[in-house]
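Peer 1: entry_36.cif is reproduced in full below (mmCIF, N, CA and C atoms).
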data_start
loop_
_atom_site.label_atom_id
_atom_site.label_comp_id
_atom_site.auth_asym_id
_atom_site.auth_seq_id
_atom_site.Cartn_x
_atom_site.Cartn_y
_atom_site.Cartn_z
N MET A 246 13.10 21.07 27.07
CA MET A 246 12.68 20.02 27.95
C MET A 246 12.92 18.64 27.31
N HIS A 247 12.39 18.42 26.08
CA HIS A 247 12.55 17.14 25.42
C HIS A 247 13.93 16.96 24.83
N THR A 248 14.68 18.03 24.70
CA THR A 248 16.03 17.90 24.15
C THR A 248 16.93 17.08 25.06
N SER A 249 16.53 16.94 26.32
CA SER A 249 17.33 16.13 27.24
C SER A 249 17.04 14.63 27.08
N LEU A 250 16.03 14.28 26.29
CA LEU A 250 15.72 12.87 26.05
C LEU A 250 16.49 12.41 24.81
N PRO A 251 17.45 11.52 24.98
CA PRO A 251 18.32 11.16 23.86
C PRO A 251 17.60 10.44 22.72
N ASP A 252 16.53 9.72 22.98
CA ASP A 252 15.85 8.96 21.93
C ASP A 252 14.60 9.65 21.39
N PHE A 253 14.36 10.89 21.83
CA PHE A 253 13.16 11.60 21.38
C PHE A 253 13.35 12.02 19.93
N ASP A 254 12.39 11.62 19.09
CA ASP A 254 12.48 11.94 17.67
C ASP A 254 11.09 12.31 17.15
N MET A 255 10.86 13.58 16.92
CA MET A 255 9.58 14.07 16.41
C MET A 255 9.55 13.87 14.89
N PRO A 256 8.44 13.32 14.34
CA PRO A 256 8.36 13.20 12.88
C PRO A 256 8.34 14.59 12.24
N ASP A 257 8.81 14.66 10.99
CA ASP A 257 8.84 15.97 10.33
C ASP A 257 7.43 16.36 9.89
N GLU A 258 7.27 17.60 9.48
CA GLU A 258 5.95 18.14 9.15
C GLU A 258 5.25 17.38 8.04
N GLU A 259 6.00 16.98 7.03
CA GLU A 259 5.39 16.24 5.91
C GLU A 259 4.87 14.89 6.38
N GLN A 260 5.63 14.18 7.20
CA GLN A 260 5.17 12.89 7.72
C GLN A 260 3.90 13.06 8.54
N VAL A 261 3.86 14.08 9.38
CA VAL A 261 2.69 14.34 10.22
C VAL A 261 1.48 14.65 9.33
N HIS A 262 1.68 15.48 8.33
CA HIS A 262 0.59 15.85 7.43
C HIS A 262 0.05 14.62 6.69
N LEU A 263 0.94 13.79 6.15
CA LEU A 263 0.51 12.61 5.40
C LEU A 263 -0.18 11.59 6.29
N ALA A 264 0.30 11.42 7.52
CA ALA A 264 -0.35 10.50 8.45
C ALA A 264 -1.75 11.00 8.81
N ALA A 265 -1.87 12.30 9.05
CA ALA A 265 -3.18 12.88 9.38
C ALA A 265 -4.14 12.71 8.20
N GLU A 266 -3.64 12.87 6.99
CA GLU A 266 -4.47 12.70 5.80
C GLU A 266 -4.95 11.25 5.68
N SER A 267 -4.08 10.30 5.97
CA SER A 267 -4.48 8.88 5.93
C SER A 267 -5.56 8.61 6.96
N PHE A 268 -5.40 9.13 8.17
CA PHE A 268 -6.42 8.94 9.20
C PHE A 268 -7.73 9.61 8.80
N ARG A 269 -7.65 10.79 8.18
CA ARG A 269 -8.85 11.49 7.74
C ARG A 269 -9.61 10.64 6.72
N LEU A 270 -8.88 10.04 5.80
CA LEU A 270 -9.52 9.21 4.78
C LEU A 270 -10.12 7.94 5.36
N LEU A 271 -9.56 7.46 6.46
CA LEU A 271 -10.10 6.26 7.10
C LEU A 271 -11.26 6.57 8.03
N ALA A 272 -11.55 7.84 8.23
CA ALA A 272 -12.62 8.25 9.15
C ALA A 272 -13.99 8.19 8.47
N ASP A 273 -14.26 7.10 7.80
CA ASP A 273 -15.53 6.92 7.11
C ASP A 273 -15.90 5.44 7.18
N PRO A 274 -17.07 5.10 7.70
CA PRO A 274 -17.45 3.68 7.84
C PRO A 274 -17.42 2.89 6.54
N THR A 275 -17.86 3.51 5.43
CA THR A 275 -17.85 2.79 4.16
C THR A 275 -16.43 2.48 3.73
N ARG A 276 -15.52 3.41 3.90
CA ARG A 276 -14.12 3.17 3.51
C ARG A 276 -13.50 2.08 4.36
N ILE A 277 -13.85 2.03 5.64
CA ILE A 277 -13.34 0.96 6.49
C ILE A 277 -13.87 -0.38 6.03
N LYS A 278 -15.16 -0.45 5.68
CA LYS A 278 -15.74 -1.71 5.17
C LYS A 278 -15.06 -2.13 3.87
N VAL A 279 -14.85 -1.17 2.98
CA VAL A 279 -14.23 -1.47 1.69
C VAL A 279 -12.80 -1.96 1.91
N LEU A 280 -12.05 -1.29 2.75
CA LEU A 280 -10.68 -1.72 3.02
C LEU A 280 -10.65 -3.09 3.67
N TRP A 281 -11.56 -3.33 4.61
CA TRP A 281 -11.60 -4.63 5.28
C TRP A 281 -11.88 -5.74 4.25
N ALA A 282 -12.81 -5.48 3.34
CA ALA A 282 -13.11 -6.45 2.29
C ALA A 282 -11.87 -6.69 1.42
N LEU A 283 -11.15 -5.62 1.11
CA LEU A 283 -9.96 -5.76 0.27
C LEU A 283 -8.83 -6.51 0.98
N LEU A 284 -8.83 -6.49 2.30
CA LEU A 284 -7.82 -7.25 3.03
C LEU A 284 -8.07 -8.75 2.91
N GLN A 285 -9.29 -9.12 2.53
CA GLN A 285 -9.61 -10.53 2.33
C GLN A 285 -9.18 -11.00 0.93
N GLY A 286 -8.93 -10.04 0.05
CA GLY A 286 -8.49 -10.37 -1.31
C GLY A 286 -8.98 -9.35 -2.31
N GLU A 287 -8.46 -9.46 -3.49
CA GLU A 287 -8.80 -8.57 -4.59
C GLU A 287 -10.30 -8.63 -4.90
N SER A 288 -10.87 -7.48 -5.29
CA SER A 288 -12.31 -7.45 -5.53
C SER A 288 -12.68 -6.36 -6.53
N SER A 289 -13.85 -6.52 -7.11
CA SER A 289 -14.38 -5.53 -8.06
C SER A 289 -15.26 -4.52 -7.32
N VAL A 290 -15.59 -3.44 -7.99
CA VAL A 290 -16.45 -2.41 -7.41
C VAL A 290 -17.82 -3.00 -7.06
N ALA A 291 -18.38 -3.79 -7.97
CA ALA A 291 -19.71 -4.36 -7.73
C ALA A 291 -19.72 -5.25 -6.48
N CYS A 292 -18.72 -6.07 -6.34
CA CYS A 292 -18.63 -6.96 -5.17
C CYS A 292 -18.43 -6.14 -3.89
N LEU A 293 -17.57 -5.14 -3.95
CA LEU A 293 -17.33 -4.29 -2.78
C LEU A 293 -18.60 -3.54 -2.38
N ALA A 294 -19.37 -3.10 -3.36
CA ALA A 294 -20.62 -2.39 -3.09
C ALA A 294 -21.59 -3.30 -2.36
N GLU A 295 -21.67 -4.54 -2.80
CA GLU A 295 -22.56 -5.50 -2.14
C GLU A 295 -22.09 -5.77 -0.71
N LEU A 296 -20.80 -5.98 -0.52
CA LEU A 296 -20.27 -6.25 0.82
C LEU A 296 -20.45 -5.07 1.77
N ALA A 297 -20.26 -3.86 1.25
CA ALA A 297 -20.36 -2.66 2.09
C ALA A 297 -21.80 -2.17 2.24
N GLY A 298 -22.70 -2.68 1.40
CA GLY A 298 -24.09 -2.27 1.49
C GLY A 298 -24.36 -0.87 0.98
N VAL A 299 -23.61 -0.46 -0.04
CA VAL A 299 -23.78 0.88 -0.63
C VAL A 299 -23.78 0.74 -2.16
N ALA A 300 -24.13 1.81 -2.84
CA ALA A 300 -24.19 1.82 -4.30
C ALA A 300 -22.78 1.73 -4.90
N PRO A 301 -22.66 1.07 -6.06
CA PRO A 301 -21.36 0.99 -6.72
C PRO A 301 -20.73 2.36 -7.01
N THR A 302 -21.56 3.36 -7.33
CA THR A 302 -20.99 4.70 -7.58
C THR A 302 -20.33 5.26 -6.33
N ALA A 303 -20.93 5.01 -5.17
CA ALA A 303 -20.33 5.47 -3.91
C ALA A 303 -19.01 4.76 -3.66
N VAL A 304 -18.98 3.46 -3.91
CA VAL A 304 -17.74 2.69 -3.72
C VAL A 304 -16.65 3.22 -4.65
N SER A 305 -17.01 3.50 -5.90
CA SER A 305 -16.04 4.05 -6.85
C SER A 305 -15.44 5.35 -6.36
N GLN A 306 -16.27 6.22 -5.82
CA GLN A 306 -15.77 7.50 -5.30
C GLN A 306 -14.83 7.27 -4.12
N HIS A 307 -15.20 6.37 -3.22
CA HIS A 307 -14.33 6.07 -2.08
C HIS A 307 -13.01 5.45 -2.53
N LEU A 308 -13.09 4.54 -3.49
CA LEU A 308 -11.88 3.90 -4.00
C LEU A 308 -10.94 4.91 -4.66
N ALA A 309 -11.50 5.87 -5.36
CA ALA A 309 -10.67 6.89 -6.01
C ALA A 309 -9.87 7.66 -4.97
N LYS A 310 -10.51 8.03 -3.88
CA LYS A 310 -9.81 8.76 -2.81
C LYS A 310 -8.78 7.88 -2.13
N LEU A 311 -9.14 6.64 -1.86
CA LEU A 311 -8.20 5.72 -1.22
C LEU A 311 -7.01 5.42 -2.13
N ARG A 312 -7.26 5.36 -3.42
CA ARG A 312 -6.17 5.11 -4.38
C ARG A 312 -5.22 6.30 -4.43
N LEU A 313 -5.77 7.51 -4.46
CA LEU A 313 -4.92 8.71 -4.48
C LEU A 313 -4.07 8.82 -3.22
N ALA A 314 -4.59 8.30 -2.11
CA ALA A 314 -3.84 8.33 -0.85
C ALA A 314 -2.84 7.18 -0.74
N GLY A 315 -2.85 6.29 -1.74
CA GLY A 315 -1.91 5.18 -1.72
C GLY A 315 -2.33 4.03 -0.82
N LEU A 316 -3.62 3.98 -0.44
CA LEU A 316 -4.10 2.93 0.45
C LEU A 316 -4.63 1.71 -0.31
N VAL A 317 -5.05 1.91 -1.56
CA VAL A 317 -5.49 0.80 -2.41
C VAL A 317 -4.84 0.95 -3.78
N LYS A 318 -4.82 -0.16 -4.51
CA LYS A 318 -4.31 -0.13 -5.89
C LYS A 318 -5.27 -0.90 -6.77
N GLY A 319 -5.27 -0.58 -8.05
CA GLY A 319 -6.16 -1.22 -9.00
C GLY A 319 -5.38 -1.98 -10.06
N ARG A 320 -6.00 -3.04 -10.56
CA ARG A 320 -5.42 -3.84 -11.64
C ARG A 320 -6.50 -3.99 -12.70
N ARG A 321 -6.18 -3.54 -13.91
CA ARG A 321 -7.15 -3.60 -15.02
C ARG A 321 -7.05 -4.94 -15.72
N GLU A 322 -8.22 -5.52 -15.96
CA GLU A 322 -8.31 -6.76 -16.74
C GLU A 322 -9.46 -6.58 -17.72
N GLY A 323 -9.12 -6.27 -18.96
CA GLY A 323 -10.15 -5.95 -19.95
C GLY A 323 -10.85 -4.66 -19.57
N THR A 324 -12.18 -4.73 -19.42
CA THR A 324 -12.94 -3.54 -19.04
C THR A 324 -13.16 -3.45 -17.53
N PHE A 325 -12.67 -4.43 -16.79
CA PHE A 325 -12.86 -4.45 -15.34
C PHE A 325 -11.60 -4.00 -14.61
N VAL A 326 -11.82 -3.41 -13.44
CA VAL A 326 -10.71 -3.06 -12.55
C VAL A 326 -10.92 -3.81 -11.25
N TYR A 327 -9.88 -4.47 -10.81
CA TYR A 327 -9.92 -5.20 -9.54
C TYR A 327 -9.01 -4.48 -8.55
N TYR A 328 -9.54 -4.26 -7.37
CA TYR A 328 -8.83 -3.48 -6.36
C TYR A 328 -8.29 -4.39 -5.26
N SER A 329 -7.21 -3.91 -4.64
CA SER A 329 -6.63 -4.61 -3.50
C SER A 329 -6.00 -3.56 -2.57
N ALA A 330 -5.74 -3.97 -1.34
CA ALA A 330 -5.05 -3.09 -0.41
C ALA A 330 -3.64 -2.85 -0.96
N ALA A 331 -3.12 -1.66 -0.76
CA ALA A 331 -1.84 -1.28 -1.35
C ALA A 331 -0.68 -2.12 -0.82
N ASP A 332 -0.68 -2.40 0.48
CA ASP A 332 0.41 -3.16 1.06
C ASP A 332 0.05 -3.65 2.45
N ASP A 333 0.97 -4.33 3.09
CA ASP A 333 0.73 -4.88 4.43
C ASP A 333 0.54 -3.80 5.49
N HIS A 334 1.05 -2.60 5.23
CA HIS A 334 0.90 -1.51 6.20
C HIS A 334 -0.57 -1.12 6.36
N VAL A 335 -1.32 -1.16 5.27
CA VAL A 335 -2.75 -0.84 5.32
C VAL A 335 -3.45 -1.86 6.21
N GLN A 336 -3.12 -3.12 6.03
CA GLN A 336 -3.70 -4.18 6.85
C GLN A 336 -3.38 -3.97 8.32
N SER A 337 -2.14 -3.66 8.61
CA SER A 337 -1.71 -3.44 10.00
C SER A 337 -2.44 -2.25 10.61
N LEU A 338 -2.54 -1.16 9.86
CA LEU A 338 -3.21 0.04 10.35
C LEU A 338 -4.68 -0.22 10.67
N LEU A 339 -5.38 -0.88 9.77
CA LEU A 339 -6.80 -1.15 9.97
C LEU A 339 -7.01 -2.15 11.11
N ARG A 340 -6.20 -3.18 11.15
CA ARG A 340 -6.33 -4.17 12.23
C ARG A 340 -6.07 -3.52 13.60
N GLN A 341 -5.09 -2.65 13.68
CA GLN A 341 -4.80 -1.98 14.94
C GLN A 341 -5.95 -1.07 15.36
N ALA A 342 -6.54 -0.37 14.41
CA ALA A 342 -7.68 0.50 14.72
C ALA A 342 -8.85 -0.31 15.26
N LEU A 343 -9.15 -1.43 14.61
CA LEU A 343 -10.25 -2.27 15.05
C LEU A 343 -9.94 -2.96 16.37
N PHE A 344 -8.70 -3.36 16.57
CA PHE A 344 -8.28 -3.95 17.83
C PHE A 344 -8.44 -2.94 18.97
N HIS A 345 -8.06 -1.69 18.68
CA HIS A 345 -8.19 -0.63 19.69
C HIS A 345 -9.65 -0.45 20.10
N VAL A 346 -10.55 -0.46 19.13
CA VAL A 346 -11.99 -0.32 19.41
C VAL A 346 -12.45 -1.47 20.31
N ASP A 347 -12.05 -2.69 19.98
CA ASP A 347 -12.42 -3.84 20.82
C ASP A 347 -11.88 -3.68 22.23
N HIS A 348 -10.66 -3.22 22.34
CA HIS A 348 -10.03 -3.04 23.66
C HIS A 348 -10.77 -1.97 24.48
N VAL A 349 -11.12 -0.87 23.84
CA VAL A 349 -11.85 0.21 24.53
C VAL A 349 -13.22 -0.28 24.96
N GLU A 350 -13.91 -1.01 24.08
CA GLU A 350 -15.24 -1.54 24.42
C GLU A 350 -15.16 -2.49 25.61
N GLN A 351 -14.18 -3.36 25.63
CA GLN A 351 -14.01 -4.32 26.71
C GLN A 351 -13.69 -3.60 28.02
N SER A 352 -12.85 -2.59 27.94
CA SER A 352 -12.48 -1.83 29.14
C SER A 352 -13.66 -1.09 29.71
N SER A 353 -14.49 -0.50 28.83
CA SER A 353 -15.63 0.27 29.33
C SER A 353 -16.73 -0.63 29.86
N SER A 354 -16.87 -1.83 29.30
CA SER A 354 -17.91 -2.73 29.81
C SER A 354 -17.47 -3.44 31.09
N ALA A 355 -16.18 -3.52 31.34
CA ALA A 355 -15.67 -4.17 32.55
C ALA A 355 -15.76 -3.25 33.75
N GLY A 356 -15.77 -1.95 33.50
CA GLY A 356 -15.73 -0.98 34.59
C GLY A 356 -17.04 -0.48 34.92
#
As structure tokens, please, write out the structure in this file.
Peer 2:
Amino acid sequence: MHTSLPDFDMPDEEQVHLAAESFRLLADPTRIKVLWALLQGESSVACLAELAGVAPTAVSQHLAKLRLAGLVKGRREGTFVYYSAADDHVQSLLRQALFHVDHVEQSSSAG
């Protein structure tokens, strides 16, 4: 059926798996807060914990998972590590997710 569509291009299994894993990691309110804070600029664990309203140990655990997924990166300065969003794609992904939520909320309140 879809073979008749000349521009139809299904992503390969690895791409689908990695995208699903990224979405799974973003399916946590604390991680979204941490990423949003990092989109404003580089930050330490202590500052991120304060902004997200959670314990620094929890932020560290979330950052470790986000780092392994390639969504954040760390820069060591002496005994401190400063984190930032990995690239502009992370910013685009998070902004689109939040924009979608706003759009859905507006649509449901209008109807």
Peer 1: Could you give me, as a VMD selection string, the residues within 6 Å of Ala330 of chain A, counting all atoms listed in the file and dropping anything in the same chain fewer than 5 positions from it?
Peer 2: chain A and resid 283 to 284 316 to 318
Peer 1: Distance atom CA of Asp257 of chain A-atom CA of Ser337 of chain A, one decimal place?
Peer 2: 22.1 Å
Peer 1: Every residue with an atom at most 7 Å from (-4.4, -6.3, -0.3) (file coordinates; all atoms listed in the file) is what I'm after, so could you write them as a PyMOL selection string?
Peer 2: chain A and resi 283-287+328-333
Peer 1: Select, from A:Leu250, A:Ala265, A:Leu270, A:Val304, the residue with the minimum atom-to-atom distance to Val290 of chain A, counting all atoms listed in the file.
Peer 2: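 Residue with the minimum atom-to-atom distance to Val290 of chain A: A:Val304.
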Peer 1: At a cut-off of 10 Å, using only C-alpha atoms, what residues contact segment 271-278 of chain A? Leave out same-chain residues fewer than 5 positions from it and give the result as a PyMOL selection string.
Peer 2: chain A and resi 265-266+283-284+293-294+296-299+303-304+306-308+310-311+316+338-339+342-343
Peer 1: Could you tell me how far atom C of Gln341 of chain A sits from atom C of Ser354 of chain A, in Å to one decimal place?
Peer 2: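 Between these atoms lies a distance of 19.6 Å.
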Peer 1: Return as a PDB file with N, CA and C atoms, in the frame of the given file the full set of residues in chain A whose backbone-based DSSP assignment is strand (DSSP E or B).
Peer 2:
ATOM      1  N   SER A 288     -10.870  -7.480  -5.290  1.00  0.00           N
ATOM      2  CA  SER A 288     -12.310  -7.450  -5.530  1.00  0.00           C
ATOM      3  C   SER A 288     -12.680  -6.360  -6.530  1.00  0.00           C
ATOM      4  N   VAL A 317      -5.050   1.910  -1.560  1.00  0.00           N
ATOM      5  CA  VAL A 317      -5.490   0.800  -2.410  1.00  0.00           C
ATOM      6  C   VAL A 317      -4.840   0.950  -3.780  1.00  0.00           C
ATOM      7  N   LYS A 318      -4.820  -0.160  -4.510  1.00  0.00           N
ATOM      8  CA  LYS A 318      -4.310  -0.130  -5.890  1.00  0.00           C
ATOM      9  C   LYS A 318      -5.270  -0.900  -6.770  1.00  0.00           C
ATOM     10  N   GLY A 319      -5.270  -0.580  -8.050  1.00  0.00           N
ATOM     11  CA  GLY A 319      -6.160  -1.220  -9.000  1.00  0.00           C
ATOM     12  C   GLY A 319      -5.380  -1.980 -10.060  1.00  0.00           C
ATOM     13  N   ARG A 320      -6.000  -3.040 -10.560  1.00  0.00           N
ATOM     14  CA  ARG A 320      -5.420  -3.840 -11.640  1.00  0.00           C
ATOM     15  C   ARG A 320      -6.500  -3.990 -12.700  1.00  0.00           C
ATOM     16  N   ARG A 321      -6.180  -3.540 -13.910  1.00  0.00           N
ATOM     17  CA  ARG A 321      -7.150  -3.600 -15.020  1.00  0.00           C
ATOM     18  C   ARG A 321      -7.050  -4.940 -15.720  1.00  0.00           C
ATOM     19  N   GLU A 322      -8.220  -5.520 -15.960  1.00  0.00           N
ATOM     20  CA  GLU A 322      -8.310  -6.760 -16.740  1.00  0.00           C
ATOM     21  C   GLU A 322      -9.460  -6.580 -17.720  1.00  0.00           C
ATOM     22  N   PHE A 325     -12.670  -4.430 -16.790  1.00  0.00           N
ATOM     23  CA  PHE A 325     -12.860  -4.450 -15.340  1.00  0.00           C
ATOM     24  C   PHE A 325     -11.600  -4.000 -14.610  1.00  0.00           C
ATOM     25  N   VAL A 326     -11.820  -3.410 -13.440  1.00  0.00           N
ATOM     26  CA  VAL A 326     -10.710  -3.060 -12.550  1.00  0.00           C
ATOM     27  C   VAL A 326     -10.920  -3.810 -11.250  1.00  0.00           C
ATOM     28  N   TYR A 327      -9.880  -4.470 -10.810  1.00  0.00           N
ATOM     29  CA  TYR A 327      -9.920  -5.200  -9.540  1.00  0.00           C
ATOM     30  C   TYR A 327      -9.010  -4.480  -8.550  1.00  0.00           C
ATOM     31  N   TYR A 328      -9.540  -4.260  -7.370  1.00  0.00           N
ATOM     32  CA  TYR A 328      -8.830  -3.480  -6.360  1.00  0.00           C
ATOM     33  C   TYR A 328      -8.290  -4.390  -5.260  1.00  0.00           C
ATOM     34  N   SER A 329      -7.210  -3.910  -4.640  1.00  0.00           N
ATOM     35  CA  SER A 329      -6.630  -4.610  -3.500  1.00  0.00           C
ATOM     36  C   SER A 329      -6.000  -3.560  -2.570  1.00  0.00           C
ATOM     37  N   ALA A 330      -5.740  -3.970  -1.340  1.00  0.00           N
ATOM     38  CA  ALA A 330      -5.050  -3.090  -0.410  1.00  0.00           C
ATOM     39  C   ALA A 330      -3.640  -2.850  -0.960  1.00  0.00           C
TER      40      ALA A 330
END
Peer 1: At what distance in Å, to one decimal, does atom C of Ser267 of chain A lie from atom N of Phe253 of chain A?
Peer 2: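 If I compute the distance from atom N of Phe253 of chain A to atom C of Ser267 of chain A, I get 25.0 Å.
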Peer 1: Could you write out, as a PyMOL selection string, all the residues of chain A that DSSP marks as alpha helix (DSSP H)?
Peer 2: chain A and resi 258-271+274-284+290-297+301-313+333-355
Peer 1: Which residues come within 7 Å of Val326 of chain A, counting all atoms listed in the file, excluding same-chain residues fewer than 5 positions away, as a PyMOL selection string?
Peer 2: chain A and resi 288-290+319-321
Peer 1: Using 8 Å of padding on each side, determine the axis-aligned box around all atoms of segment 282-287 of chain A present in the file and give its centre and edge lengths in Å to one decimal, as JSON.
Peer 2:
{"center_x": -10.5, "center_y": -8.2, "center_z": -0.8, "size_x": 21.3, "size_y": 21.5, "size_z": 24.2}
